[in-house]
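Colleague: File name query_16.cif; file contents mmCIF, C-alpha atoms; full text below.
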data_structure
loop_
_atom_site.group_PDB
_atom_site.id
_atom_site.type_symbol
_atom_site.label_atom_id
_atom_site.label_comp_id
_atom_site.auth_asym_id
_atom_site.auth_seq_id
_atom_site.Cartn_x
_atom_site.Cartn_y
_atom_site.Cartn_z
ATOM 1 C CA MET A 137 -81.443 -73.040 -145.477
ATOM 2 C CA GLY A 138 -82.017 -75.770 -142.918
ATOM 3 C CA GLU A 139 -83.608 -73.402 -140.389
ATOM 4 C CA TRP A 140 -86.352 -72.611 -142.913
ATOM 5 C CA ASP A 141 -87.259 -76.258 -143.607
ATOM 6 C CA LEU A 142 -89.832 -76.531 -140.811
ATOM 7 C CA LEU A 143 -91.589 -73.324 -141.893
ATOM 8 C CA GLY A 144 -91.473 -74.499 -145.503
ATOM 9 C CA ARG A 145 -93.085 -77.853 -144.719
ATOM 10 C CA LEU A 146 -95.859 -76.208 -142.704
ATOM 11 C CA LEU A 147 -96.620 -73.624 -145.380
ATOM 12 C CA ASP A 148 -96.573 -76.340 -148.036
ATOM 13 C CA LYS A 149 -99.530 -77.956 -146.250
ATOM 14 C CA VAL A 150 -101.393 -74.642 -146.308
ATOM 15 C CA GLN A 151 -100.918 -74.390 -150.082
ATOM 16 C CA SER A 152 -103.406 -77.188 -150.764
ATOM 17 C CA HIS A 153 -106.053 -75.369 -148.681
ATOM 18 C CA SER A 154 -105.614 -71.909 -150.230
ATOM 19 C CA THR A 155 -106.952 -70.067 -153.248
ATOM 20 C CA VAL A 156 -104.938 -69.542 -156.431
ATOM 21 C CA ILE A 157 -103.869 -66.079 -155.269
ATOM 22 C CA GLY A 158 -102.814 -67.550 -151.931
ATOM 23 C CA LYS A 159 -100.583 -70.040 -153.740
ATOM 24 C CA VAL A 160 -98.958 -67.177 -155.664
ATOM 25 C CA TRP A 161 -98.381 -65.392 -152.331
ATOM 26 C CA LEU A 162 -96.604 -68.466 -150.970
ATOM 27 C CA THR A 163 -94.414 -68.620 -154.101
ATOM 28 C CA VAL A 164 -93.392 -64.994 -153.637
ATOM 29 C CA LEU A 165 -92.650 -65.682 -149.969
ATOM 30 C CA PHE A 166 -90.418 -68.673 -150.686
ATOM 31 C CA VAL A 167 -88.630 -67.600 -153.867
ATOM 32 C CA PHE A 168 -88.320 -63.823 -153.606
ATOM 33 C CA ARG A 169 -87.999 -63.417 -149.844
ATOM 34 C CA ILE A 170 -86.729 -66.502 -148.028
ATOM 35 C CA LEU A 171 -84.416 -67.671 -150.823
ATOM 36 C CA VAL A 172 -82.968 -64.203 -151.473
ATOM 37 C CA LEU A 173 -82.587 -63.585 -147.743
ATOM 38 C CA ASN A 174 -80.710 -66.837 -147.250
ATOM 39 C CA ALA A 175 -78.622 -66.750 -150.433
ATOM 40 C CA GLY A 176 -77.689 -63.078 -150.739
ATOM 41 C CA ALA A 177 -78.655 -60.832 -147.857
ATOM 42 C CA GLU A 178 -76.977 -62.777 -145.055
ATOM 43 C CA LYS A 179 -73.640 -62.808 -146.897
ATOM 44 C CA VAL A 180 -73.810 -59.127 -147.800
ATOM 45 C CA TRP A 181 -74.580 -58.126 -144.188
ATOM 46 C CA SER A 182 -72.013 -60.513 -142.660
ATOM 47 C CA ASP A 183 -69.487 -57.671 -142.262
ATOM 48 C CA GLU A 184 -71.909 -54.923 -141.281
ATOM 49 C CA GLN A 185 -70.460 -54.295 -137.820
ATOM 50 C CA SER A 186 -66.830 -55.280 -138.400
ATOM 51 C CA ASP A 187 -66.503 -52.888 -141.364
ATOM 52 C CA PHE A 188 -68.405 -50.054 -139.709
ATOM 53 C CA VAL A 189 -65.485 -47.659 -139.187
ATOM 54 C CA CYS A 190 -65.481 -44.259 -137.457
ATOM 55 C CA ASN A 191 -62.660 -41.686 -137.600
ATOM 56 C CA THR A 192 -61.924 -41.857 -133.878
ATOM 57 C CA LYS A 193 -60.009 -44.072 -131.501
ATOM 58 C CA GLN A 194 -62.295 -43.423 -128.544
ATOM 59 C CA PRO A 195 -63.225 -46.815 -126.991
ATOM 60 C CA GLY A 196 -66.888 -47.660 -127.383
ATOM 61 C CA CYS A 197 -67.631 -44.862 -129.836
ATOM 62 C CA GLU A 198 -67.981 -47.144 -132.864
ATOM 63 C CA ASN A 199 -70.314 -49.519 -131.018
ATOM 64 C CA VAL A 200 -72.536 -46.680 -129.844
ATOM 65 C CA CYS A 201 -72.679 -45.103 -133.312
ATOM 66 C CA TYR A 202 -73.473 -48.449 -134.937
ATOM 67 C CA ASP A 203 -76.328 -49.008 -132.483
ATOM 68 C CA LEU A 204 -77.638 -45.532 -133.286
ATOM 69 C CA ALA A 205 -77.459 -46.069 -137.056
ATOM 70 C CA PHE A 206 -78.890 -49.621 -137.022
ATOM 71 C CA PRO A 207 -81.111 -50.358 -133.985
ATOM 72 C CA ILE A 208 -81.715 -53.843 -135.449
ATOM 73 C CA SER A 209 -79.914 -55.597 -138.242
ATOM 74 C CA HIS A 210 -81.719 -55.626 -141.604
ATOM 75 C CA VAL A 211 -81.398 -59.409 -141.843
ATOM 76 C CA ARG A 212 -82.928 -59.987 -138.407
ATOM 77 C CA PHE A 213 -85.656 -57.459 -139.162
ATOM 78 C CA TRP A 214 -86.598 -59.360 -142.351
ATOM 79 C CA VAL A 215 -86.547 -62.677 -140.494
ATOM 80 C CA LEU A 216 -89.001 -61.267 -137.964
ATOM 81 C CA GLN A 217 -91.121 -59.884 -140.798
ATOM 82 C CA ILE A 218 -91.330 -63.240 -142.598
ATOM 83 C CA ILE A 219 -92.193 -65.110 -139.402
ATOM 84 C CA ALA A 220 -94.810 -62.507 -138.468
ATOM 85 C CA VAL A 221 -96.623 -62.554 -141.830
ATOM 86 C CA ALA A 222 -96.471 -66.378 -141.962
ATOM 87 C CA THR A 223 -97.987 -66.822 -138.484
ATOM 88 C CA PRO A 224 -101.627 -66.024 -139.520
ATOM 89 C CA LYS A 225 -101.251 -68.587 -142.318
ATOM 90 C CA LEU A 226 -100.118 -71.211 -139.813
ATOM 91 C CA LEU A 227 -103.036 -70.389 -137.495
ATOM 92 C CA TYR A 228 -105.416 -70.882 -140.421
ATOM 93 C CA LEU A 229 -103.726 -74.234 -141.100
ATOM 94 C CA GLY A 230 -104.412 -75.246 -137.496
ATOM 95 C CA HIS A 231 -108.095 -74.378 -137.924
ATOM 96 C CA VAL A 232 -108.278 -76.374 -141.163
ATOM 97 C CA LEU A 233 -106.680 -79.435 -139.570
ATOM 98 C CA HIS A 234 -109.111 -79.166 -136.640
ATOM 99 C CA VAL A 235 -112.120 -79.054 -138.991
ATOM 100 C CA ILE A 236 -110.800 -82.018 -140.994
ATOM 101 C CA HIS A 237 -110.270 -84.003 -137.789
ATOM 102 C CA VAL A 238 -113.785 -83.258 -136.512
ATOM 103 C CA GLU A 239 -115.433 -84.247 -139.803
ATOM 104 C CA LYS A 240 -113.330 -87.410 -139.960
ATOM 105 C CA LYS A 241 -114.633 -88.445 -136.541
ATOM 106 C CA VAL A 242 -118.219 -87.715 -137.642
ATOM 107 C CA LYS A 243 -117.742 -89.887 -140.734
ATOM 108 C CA GLU A 244 -116.380 -92.746 -138.651
ATOM 109 C CA ARG A 245 -119.296 -92.488 -136.204
ATOM 110 C CA MET A 246 -121.821 -92.515 -139.051
ATOM 111 C CA LYS A 247 -120.114 -95.499 -140.635
ATOM 112 C CA MET A 248 -120.240 -97.472 -137.392
ATOM 113 C CA GLN A 249 -123.927 -96.697 -136.840
ATOM 114 C CA ALA A 250 -124.769 -97.446 -140.470
ATOM 115 C CA GLU A 251 -123.270 -100.906 -140.159
ATOM 116 C CA LEU A 252 -125.593 -101.675 -137.229
ATOM 117 C CA ASP A 253 -128.909 -100.713 -138.797
ATOM 118 C CA ASP A 254 -129.929 -99.910 -142.389
ATOM 119 C CA ARG A 255 -132.759 -97.686 -141.203
ATOM 120 C CA ALA A 256 -130.355 -95.723 -139.065
ATOM 121 C CA SER A 257 -128.106 -95.385 -142.115
ATOM 122 C CA LEU A 258 -130.962 -93.908 -144.148
ATOM 123 C CA PHE A 259 -131.872 -91.546 -141.304
ATOM 124 C CA LEU A 260 -128.273 -90.366 -140.862
ATOM 125 C CA ARG A 261 -127.848 -89.739 -144.574
ATOM 126 C CA ARG A 262 -130.920 -87.518 -144.567
ATOM 127 C CA THR A 263 -130.059 -85.780 -141.282
ATOM 128 C CA PHE A 264 -126.319 -85.059 -141.549
ATOM 129 C CA LYS A 265 -124.707 -83.212 -144.427
ATOM 130 C CA VAL A 266 -121.261 -84.783 -144.447
ATOM 131 C CA PRO A 267 -118.803 -83.771 -145.648
ATOM 132 C CA LYS A 268 -119.567 -80.090 -145.128
ATOM 133 C CA TYR A 269 -116.076 -78.673 -145.632
ATOM 134 C CA THR A 270 -113.948 -81.603 -146.775
ATOM 135 C CA LYS A 271 -114.093 -82.948 -150.314
ATOM 136 C CA SER A 272 -113.461 -86.477 -151.541
ATOM 137 C CA SER A 273 -110.030 -85.363 -152.804
ATOM 138 C CA GLY A 274 -108.981 -84.358 -149.267
ATOM 139 C CA LYS A 275 -109.107 -80.603 -149.911
ATOM 140 C CA VAL A 276 -111.408 -78.259 -148.051
ATOM 141 C CA SER A 277 -114.123 -75.960 -149.337
ATOM 142 C CA ILE A 278 -113.518 -72.386 -148.162
ATOM 143 C CA ARG A 279 -116.955 -71.383 -146.882
ATOM 144 C CA GLY A 280 -118.749 -70.852 -143.601
ATOM 145 C CA ARG A 281 -116.388 -70.870 -140.622
ATOM 146 C CA LEU A 282 -113.384 -71.558 -142.815
ATOM 147 C CA LEU A 283 -114.201 -68.539 -144.981
ATOM 148 C CA ARG A 284 -114.361 -66.295 -141.921
ATOM 149 C CA SER A 285 -111.096 -67.738 -140.644
ATOM 150 C CA TYR A 286 -109.458 -67.232 -144.042
ATOM 151 C CA VAL A 287 -110.633 -63.612 -144.228
ATOM 152 C CA LEU A 288 -109.361 -62.892 -140.706
ATOM 153 C CA HIS A 289 -105.944 -64.331 -141.515
ATOM 154 C CA LEU A 290 -105.781 -62.169 -144.662
ATOM 155 C CA VAL A 291 -106.628 -59.040 -142.677
ATOM 156 C CA ALA A 292 -103.927 -59.919 -140.126
ATOM 157 C CA LYS A 293 -101.368 -60.439 -142.897
ATOM 158 C CA ILE A 294 -102.187 -57.092 -144.509
ATOM 159 C CA ILE A 295 -101.895 -55.239 -141.192
ATOM 160 C CA LEU A 296 -98.608 -56.914 -140.233
ATOM 161 C CA GLU A 297 -97.081 -56.396 -143.677
ATOM 162 C CA ALA A 298 -97.995 -52.712 -143.674
ATOM 163 C CA LEU A 299 -96.661 -52.238 -140.127
ATOM 164 C CA PHE A 300 -93.300 -53.788 -141.001
ATOM 165 C CA ILE A 301 -92.936 -51.661 -144.142
ATOM 166 C CA VAL A 302 -93.684 -48.497 -142.175
ATOM 167 C CA GLY A 303 -91.378 -49.641 -139.378
ATOM 168 C CA GLN A 304 -88.524 -50.216 -141.789
ATOM 169 C CA TYR A 305 -88.940 -46.694 -143.142
ATOM 170 C CA PHE A 306 -88.791 -45.113 -139.667
ATOM 171 C CA LEU A 307 -85.868 -47.289 -138.527
ATOM 172 C CA TYR A 308 -83.438 -46.825 -141.416
ATOM 173 C CA GLY A 309 -85.284 -45.500 -144.446
ATOM 174 C CA PHE A 310 -85.177 -47.274 -147.786
ATOM 175 C CA THR A 311 -81.581 -46.461 -148.735
ATOM 176 C CA LEU A 312 -78.261 -46.535 -146.916
ATOM 177 C CA GLN A 313 -76.029 -43.508 -146.726
ATOM 178 C CA THR A 314 -72.303 -43.702 -147.287
ATOM 179 C CA ARG A 315 -71.482 -41.572 -144.221
ATOM 180 C CA TYR A 316 -73.173 -41.330 -140.843
ATOM 181 C CA VAL A 317 -72.490 -38.469 -138.444
ATOM 182 C CA CYS A 318 -72.553 -39.464 -134.786
ATOM 183 C CA GLY A 319 -72.140 -37.294 -131.706
ATOM 184 C CA ARG A 320 -73.318 -39.726 -129.047
ATOM 185 C CA PHE A 321 -71.503 -40.304 -125.767
ATOM 186 C CA PRO A 322 -68.722 -41.484 -125.294
ATOM 187 C CA CYS A 323 -67.608 -39.957 -128.591
ATOM 188 C CA PRO A 324 -65.520 -36.839 -127.790
ATOM 189 C CA HIS A 325 -67.138 -34.873 -130.615
ATOM 190 C CA LYS A 326 -69.165 -35.456 -133.793
ATOM 191 C CA VAL A 327 -67.459 -38.194 -135.753
ATOM 192 C CA ASP A 328 -67.936 -39.550 -139.253
ATOM 193 C CA CYS A 329 -68.698 -43.262 -139.602
ATOM 194 C CA PHE A 330 -68.596 -45.272 -142.808
ATOM 195 C CA LEU A 331 -70.102 -48.646 -143.710
ATOM 196 C CA SER A 332 -69.128 -51.129 -146.378
ATOM 197 C CA ARG A 333 -70.975 -51.714 -149.679
ATOM 198 C CA PRO A 334 -73.850 -49.254 -149.152
ATOM 199 C CA THR A 335 -74.998 -49.427 -152.802
ATOM 200 C CA GLU A 336 -75.232 -53.215 -152.866
ATOM 201 C CA LYS A 337 -77.080 -53.230 -149.587
ATOM 202 C CA SER A 338 -79.485 -50.551 -150.858
ATOM 203 C CA VAL A 339 -80.296 -52.706 -153.894
ATOM 204 C CA ILE A 340 -81.173 -55.669 -151.686
ATOM 205 C CA ILE A 341 -83.229 -53.411 -149.400
ATOM 206 C CA TRP A 342 -85.285 -52.216 -152.365
ATOM 207 C CA PHE A 343 -85.680 -55.783 -153.633
ATOM 208 C CA MET A 344 -87.021 -56.951 -150.270
ATOM 209 C CA LEU A 345 -89.232 -53.877 -150.075
ATOM 210 C CA VAL A 346 -90.752 -54.562 -153.499
ATOM 211 C CA SER A 347 -91.308 -58.213 -152.539
ATOM 212 C CA ALA A 348 -93.114 -57.114 -149.372
ATOM 213 C CA ALA A 349 -95.233 -54.660 -151.379
ATOM 214 C CA VAL A 350 -96.156 -57.405 -153.877
ATOM 215 C CA SER A 351 -97.149 -59.700 -151.015
ATOM 216 C CA LEU A 352 -99.266 -56.906 -149.541
ATOM 217 C CA VAL A 353 -101.035 -56.296 -152.867
ATOM 218 C CA LEU A 354 -101.649 -60.035 -153.361
ATOM 219 C CA SER A 355 -103.224 -60.309 -149.914
ATOM 220 C CA ALA A 356 -105.467 -57.301 -150.607
ATOM 221 C CA VAL A 357 -106.511 -58.703 -154.004
ATOM 222 C CA GLU A 358 -107.250 -62.092 -152.448
ATOM 223 C CA LEU A 359 -109.387 -60.452 -149.767
ATOM 224 C CA LEU A 360 -111.308 -58.497 -152.408
ATOM 225 C CA TYR A 361 -111.768 -61.654 -154.484
ATOM 226 C CA LEU A 362 -113.235 -63.574 -151.547
ATOM 227 C CA CYS A 363 -115.569 -60.689 -150.650
ATOM 228 C CA VAL A 364 -116.875 -60.407 -154.230
ATOM 229 C CA LYS A 365 -117.297 -64.170 -154.457
ATOM 230 C CA ALA A 366 -119.238 -64.274 -151.170
ATOM 231 C CA VAL A 367 -121.519 -61.413 -152.286
ATOM 232 C CA LYS A 368 -122.259 -63.137 -155.613
ATOM 233 C CA GLU A 369 -123.106 -66.416 -153.877
ATOM 234 C CA CYS A 370 -125.383 -64.584 -151.435
ATOM 235 C CA MET A 371 -127.208 -62.821 -154.272
ATOM 236 C CA ALA A 372 -127.588 -66.091 -156.153
ATOM 237 C CA ARG A 373 -129.160 -67.741 -153.100
ATOM 238 C CA ARG A 374 -131.552 -64.825 -152.663
ATOM 239 C CA GLN A 375 -132.658 -65.035 -156.292
ATOM 240 C CA ASP A 376 -133.401 -68.730 -155.837
ATOM 241 C CA TYR A 377 -135.786 -67.946 -152.971
ATOM 242 C CA THR A 378 -137.353 -64.746 -154.387
ATOM 243 C CA VAL A 379 -141.207 -64.617 -154.188
ATOM 244 C CA THR A 380 -143.187 -62.457 -156.626
ATOM 245 C CA PRO A 381 -145.021 -59.706 -154.691
ATOM 246 C CA VAL A 382 -148.855 -59.827 -154.699
ATOM 247 C CA THR A 383 -149.337 -56.058 -154.703
ATOM 248 C CA PRO A 384 -148.068 -54.457 -157.929
ATOM 249 C CA PRO A 385 -145.922 -51.327 -157.877
ATOM 250 C CA PRO A 386 -147.731 -47.923 -157.771
ATOM 251 C CA SER A 387 -146.896 -47.251 -161.425
ATOM 252 C CA GLU A 388 -148.719 -50.426 -162.488
ATOM 253 C CA ARG A 389 -151.689 -50.324 -160.119
ATOM 254 C CA LYS A 390 -153.990 -48.410 -162.560
ATOM 255 C CA ALA A 391 -153.294 -50.822 -165.398
ATOM 256 C CA TYR A 392 -153.709 -53.720 -162.997
ATOM 257 C CA ARG A 393 -157.128 -52.395 -161.856
ATOM 258 C CA SER A 394 -158.336 -51.875 -165.429
ATOM 259 C CA ARG A 395 -157.330 -55.430 -166.346
ATOM 260 C CA GLU A 396 -159.089 -56.712 -163.241
ATOM 261 C CA GLU A 397 -162.310 -54.823 -164.067
ATOM 262 C CA THR A 398 -162.260 -56.099 -167.662
ATOM 263 C CA GLN A 399 -161.780 -59.640 -166.456
ATOM 264 C CA ASN A 400 -164.694 -59.278 -164.005
ATOM 265 C CA CYS A 401 -166.997 -58.005 -166.771
ATOM 266 C CA VAL A 402 -166.056 -60.904 -169.013
ATOM 267 C CA ASN A 403 -166.671 -63.373 -166.190
ATOM 268 C CA GLN A 404 -170.097 -61.866 -165.436
ATOM 269 C CA GLU A 405 -171.124 -61.977 -169.088
ATOM 270 C CA LEU A 406 -170.065 -65.591 -169.388
ATOM 271 C CA GLN A 407 -171.922 -66.443 -166.216
ATOM 272 C CA GLY A 408 -175.078 -64.752 -167.528
ATOM 273 C CA ARG A 409 -174.934 -66.652 -170.812
ATOM 274 C CA LYS A 410 -174.447 -69.880 -168.970
ATOM 275 C CA SER A 411 -177.471 -69.216 -166.724
ATOM 276 C CA ALA A 412 -179.651 -68.319 -169.724
ATOM 277 C CA GLY A 413 -178.658 -71.493 -171.508
ATOM 278 C CA ASN A 414 -179.496 -73.622 -168.495
ATOM 279 C CA GLY A 415 -182.974 -72.006 -168.191
ATOM 280 C CA ALA A 416 -183.774 -72.653 -171.846
ATOM 281 C CA LYS A 417 -182.905 -76.327 -171.476
ATOM 282 C CA ASN A 418 -184.992 -76.845 -168.368
ATOM 283 C CA GLU A 419 -188.267 -75.389 -169.846
ATOM 284 C CA PRO A 420 -188.890 -78.040 -172.620
ATOM 285 C CA GLU A 421 -188.186 -80.767 -170.136
ATOM 286 C CA ASN A 422 -190.969 -79.475 -167.881
ATOM 287 C CA VAL A 423 -193.410 -79.378 -170.821
ATOM 288 C CA ASN A 424 -192.615 -82.921 -171.881
ATOM 289 C CA MET A 425 -193.072 -84.166 -168.382
ATOM 290 C CA GLY A 426 -196.524 -82.570 -168.231
ATOM 291 C CA GLU A 427 -197.639 -84.230 -171.458
ATOM 292 C CA VAL A 428 -196.578 -87.661 -170.298
ATOM 293 C CA HIS A 429 -198.427 -87.174 -167.032
ATOM 294 C CA ILE A 430 -201.694 -86.325 -168.802
#
So that I can check it, write out the structure of this file as structure tokens.

Modeller:
Amino acid sequence: MGEWDLLGRLLDKVQSHSTVIGKVWLTVLFVFRILVLNAGAEKVWSDEQSDFVCNTKQPGCENVCYDLAFPISHVRFWVLQIIAVATPKLLYLGHVLHVIHVEKKVKERMKMQAELDDRASLFLRRTFKVPKYTKSSGKVSIRGRLLRSYVLHLVAKIILEALFIVGQYFLYGFTLQTRYVCGRFPCPHKVDCFLSRPTEKSVIIWFMLVSAAVSLVLSAVELLYLCVKAVKECMARRQDYTVTPVTPPPSERKAYRSREETQNCVNQELQGRKSAGNGAKNEPENVNMGEVHI
């Protein structure tokens, strides 16, 4: 298990910067794929070539038939598969560490400038929005560039996982046969070749296949979850900045016009009453002024 320690330590760092579904994916990768591959599969396939026996004594025939039946060992194929699907996760980790490093340098620069001048500190606090991705707990917020990077790494994982599943089917299928018929040179004729423990190996093949399928489904669900979450946040931001239209819809324009005409009539009537009241008040004043003048 020592050869998997480096990959395990790197993926353990990614776990703190992933979603809940991403953490489940990492658990499936470690427990149901790496651990089973190291504990069971390597021992079961340890005798795959030595116990591959053909009913001929022709030199080189068994080696040629084994190469035809198994172009690549199952164990090595699964090792390549695990490394391939883990690579996008490691690339995302590199992007996260780069973003954390950049924001750490920005924080240090702001702290140094804030110590020199209080006014500069106030200006920097209003100008810069730090931290943008990193939280006080040290974790990152998956949004913006990190969200795009996370989505791209999920798409890459889904494509690679699907390609390896299809490749396994075309290379050997999903079950092992008890007998293989080989007529390749230098075999003198068609010979029958037999391998050891085909049933046990078929069980492990199906177990690894189901684990790969579960990982594929988890990646697809995580991608769908992030897309739905991004759409909801976008709609929420649009609702916050929605402006009520000035022109009403066509179905409400008639009612709107009738209400507007009624309101204009009421305003004119009130204006007329107010003008009449002002005229009545001004007339006695003029009379009283004339009497005082006489």

Colleague: Starting from the displayed file, determine the output of the PyMOL selection byres ((chain A and resi 221-234) around 6) and express the residue list as a list in words.

Modeller: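 Evaluating the PyMOL selection byres ((chain A and resi 221-234) around 6) on this file yields Val150, Ile218, Ile219, Ala220, Val235, Ile236, His237, His289 and Lys293 of chain A.
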
Colleague: To one decimal in Å, tell me the separation between CA of Leu162 in chain A and CA of Asp148 in chain A.

Modeller: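 Separating CA of Leu162 in chain A from CA of Asp148 in chain A is a distance of 8.4 Å.
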
Colleague: Applying the PyMOL selection byres ((chain A and resi 210) around 12) to the file I just gave you, which residues come out? Please list them as a PyMOL selection string.

Modeller: chain A and resi 173+177-178+180-182+184-185+205-209+211-217+300+303-305+307-312+337-338+340-342+344-345

Colleague: List the residues sitting within 12 Å of (-66.5, -50.2, -128.4) in the file's frame, using only C-alpha atoms, as a PyMOL selection string.

Modeller: chain A and resi 185-186+188-190+192-203+321-323

Colleague: State, in Å with one decimal place, the distance from CA of Glu297 in chain A to CA of Ala348 in chain A.

Modeller: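 Value for the CA of Glu297 in chain A-CA of Ala348 in chain A distance: 7.0 Å.
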
Colleague: Need the shell around Gln151 in chain A: protein/DNA/RNA residues with any atom at most 10 Å away, counting all atoms listed in the file. Skip same-chain ones fewer than 2 positions apart. Format as a PyMOL selection string?

Modeller: chain A and resi 146-149+153-156+158-163+225+229

Colleague: Write a file of the just-selected residues containing C-alpha atoms, as a PDB file, keeping the file's coordinate frame.

Modeller:
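Final output, out-v8.pdb:
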ATOM      1  CA  LEU A 146     -95.859 -76.208-142.704  1.00  0.00           C
ATOM      2  CA  LEU A 147     -96.620 -73.624-145.380  1.00  0.00           C
ATOM      3  CA  ASP A 148     -96.573 -76.340-148.036  1.00  0.00           C
ATOM      4  CA  LYS A 149     -99.530 -77.956-146.250  1.00  0.00           C
ATOM      5  CA  HIS A 153    -106.053 -75.369-148.681  1.00  0.00           C
ATOM      6  CA  SER A 154    -105.614 -71.909-150.230  1.00  0.00           C
ATOM      7  CA  THR A 155    -106.952 -70.067-153.248  1.00  0.00           C
ATOM      8  CA  VAL A 156    -104.938 -69.542-156.431  1.00  0.00           C
ATOM      9  CA  GLY A 158    -102.814 -67.550-151.931  1.00  0.00           C
ATOM     10  CA  LYS A 159    -100.583 -70.040-153.740  1.00  0.00           C
ATOM     11  CA  VAL A 160     -98.958 -67.177-155.664  1.00  0.00           C
ATOM     12  CA  TRP A 161     -98.381 -65.392-152.331  1.00  0.00           C
ATOM     13  CA  LEU A 162     -96.604 -68.466-150.970  1.00  0.00           C
ATOM     14  CA  THR A 163     -94.414 -68.620-154.101  1.00  0.00           C
ATOM     15  CA  LYS A 225    -101.251 -68.587-142.318  1.00  0.00           C
ATOM     16  CA  LEU A 229    -103.726 -74.234-141.100  1.00  0.00           C
TER      17      LEU A 229
END

Colleague: My structure is short of atoms at range 219-224 of chain A; please model all heavy atoms there, returning them as an mmCIF file, keeping the file's coordinate frame.

Modeller:
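Contents of the output file out00.cif:
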data_model
loop_
_atom_site.group_PDB
_atom_site.id
_atom_site.type_symbol
_atom_site.label_atom_id
_atom_site.label_comp_id
_atom_site.auth_asym_id
_atom_site.auth_seq_id
_atom_site.Cartn_x
_atom_site.Cartn_y
_atom_site.Cartn_z
ATOM 1 N N ILE A 219 -91.523 -64.275 -140.412
ATOM 2 C CA ILE A 219 -92.193 -65.110 -139.402
ATOM 3 C C ILE A 219 -93.536 -64.501 -139.004
ATOM 4 O O ILE A 219 -94.539 -65.210 -138.822
ATOM 5 C CB ILE A 219 -91.277 -65.282 -138.172
ATOM 6 C CG1 ILE A 219 -90.044 -66.102 -138.555
ATOM 7 C CG2 ILE A 219 -92.027 -65.956 -137.035
ATOM 8 C CD1 ILE A 219 -89.026 -66.230 -137.449
ATOM 9 N N ALA A 220 -93.568 -63.172 -138.880
ATOM 10 C CA ALA A 220 -94.810 -62.507 -138.468
ATOM 11 C C ALA A 220 -95.909 -62.665 -139.510
ATOM 12 O O ALA A 220 -97.062 -62.964 -139.174
ATOM 13 C CB ALA A 220 -94.542 -61.027 -138.193
ATOM 14 N N VAL A 221 -95.588 -62.466 -140.797
ATOM 15 C CA VAL A 221 -96.623 -62.554 -141.830
ATOM 16 C C VAL A 221 -97.007 -64.000 -142.112
ATOM 17 O O VAL A 221 -98.087 -64.264 -142.665
ATOM 18 C CB VAL A 221 -96.166 -61.859 -143.122
ATOM 19 C CG1 VAL A 221 -95.932 -60.381 -142.884
ATOM 20 C CG2 VAL A 221 -94.922 -62.509 -143.708
ATOM 21 N N ALA A 222 -96.138 -64.965 -141.751
ATOM 22 C CA ALA A 222 -96.471 -66.378 -141.962
ATOM 23 C C ALA A 222 -97.287 -66.950 -140.811
ATOM 24 O O ALA A 222 -97.938 -67.986 -140.979
ATOM 25 C CB ALA A 222 -95.202 -67.200 -142.157
ATOM 26 N N THR A 223 -97.267 -66.300 -139.651
ATOM 27 C CA THR A 223 -97.987 -66.822 -138.484
ATOM 28 C C THR A 223 -99.502 -66.905 -138.705
ATOM 29 O O THR A 223 -100.121 -67.928 -138.356
ATOM 30 C CB THR A 223 -97.670 -65.963 -137.250
ATOM 31 O OG1 THR A 223 -96.265 -66.032 -136.988
ATOM 32 C CG2 THR A 223 -98.425 -66.460 -136.034
ATOM 33 N N PRO A 224 -100.184 -65.865 -139.257
ATOM 34 C CA PRO A 224 -101.627 -66.024 -139.520
ATOM 35 C C PRO A 224 -101.934 -67.194 -140.450
ATOM 36 O O PRO A 224 -102.952 -67.873 -140.272
ATOM 37 C CB PRO A 224 -102.016 -64.684 -140.159
ATOM 38 C CG PRO A 224 -101.004 -63.723 -139.664
ATOM 39 C CD PRO A 224 -99.731 -64.493 -139.567
#
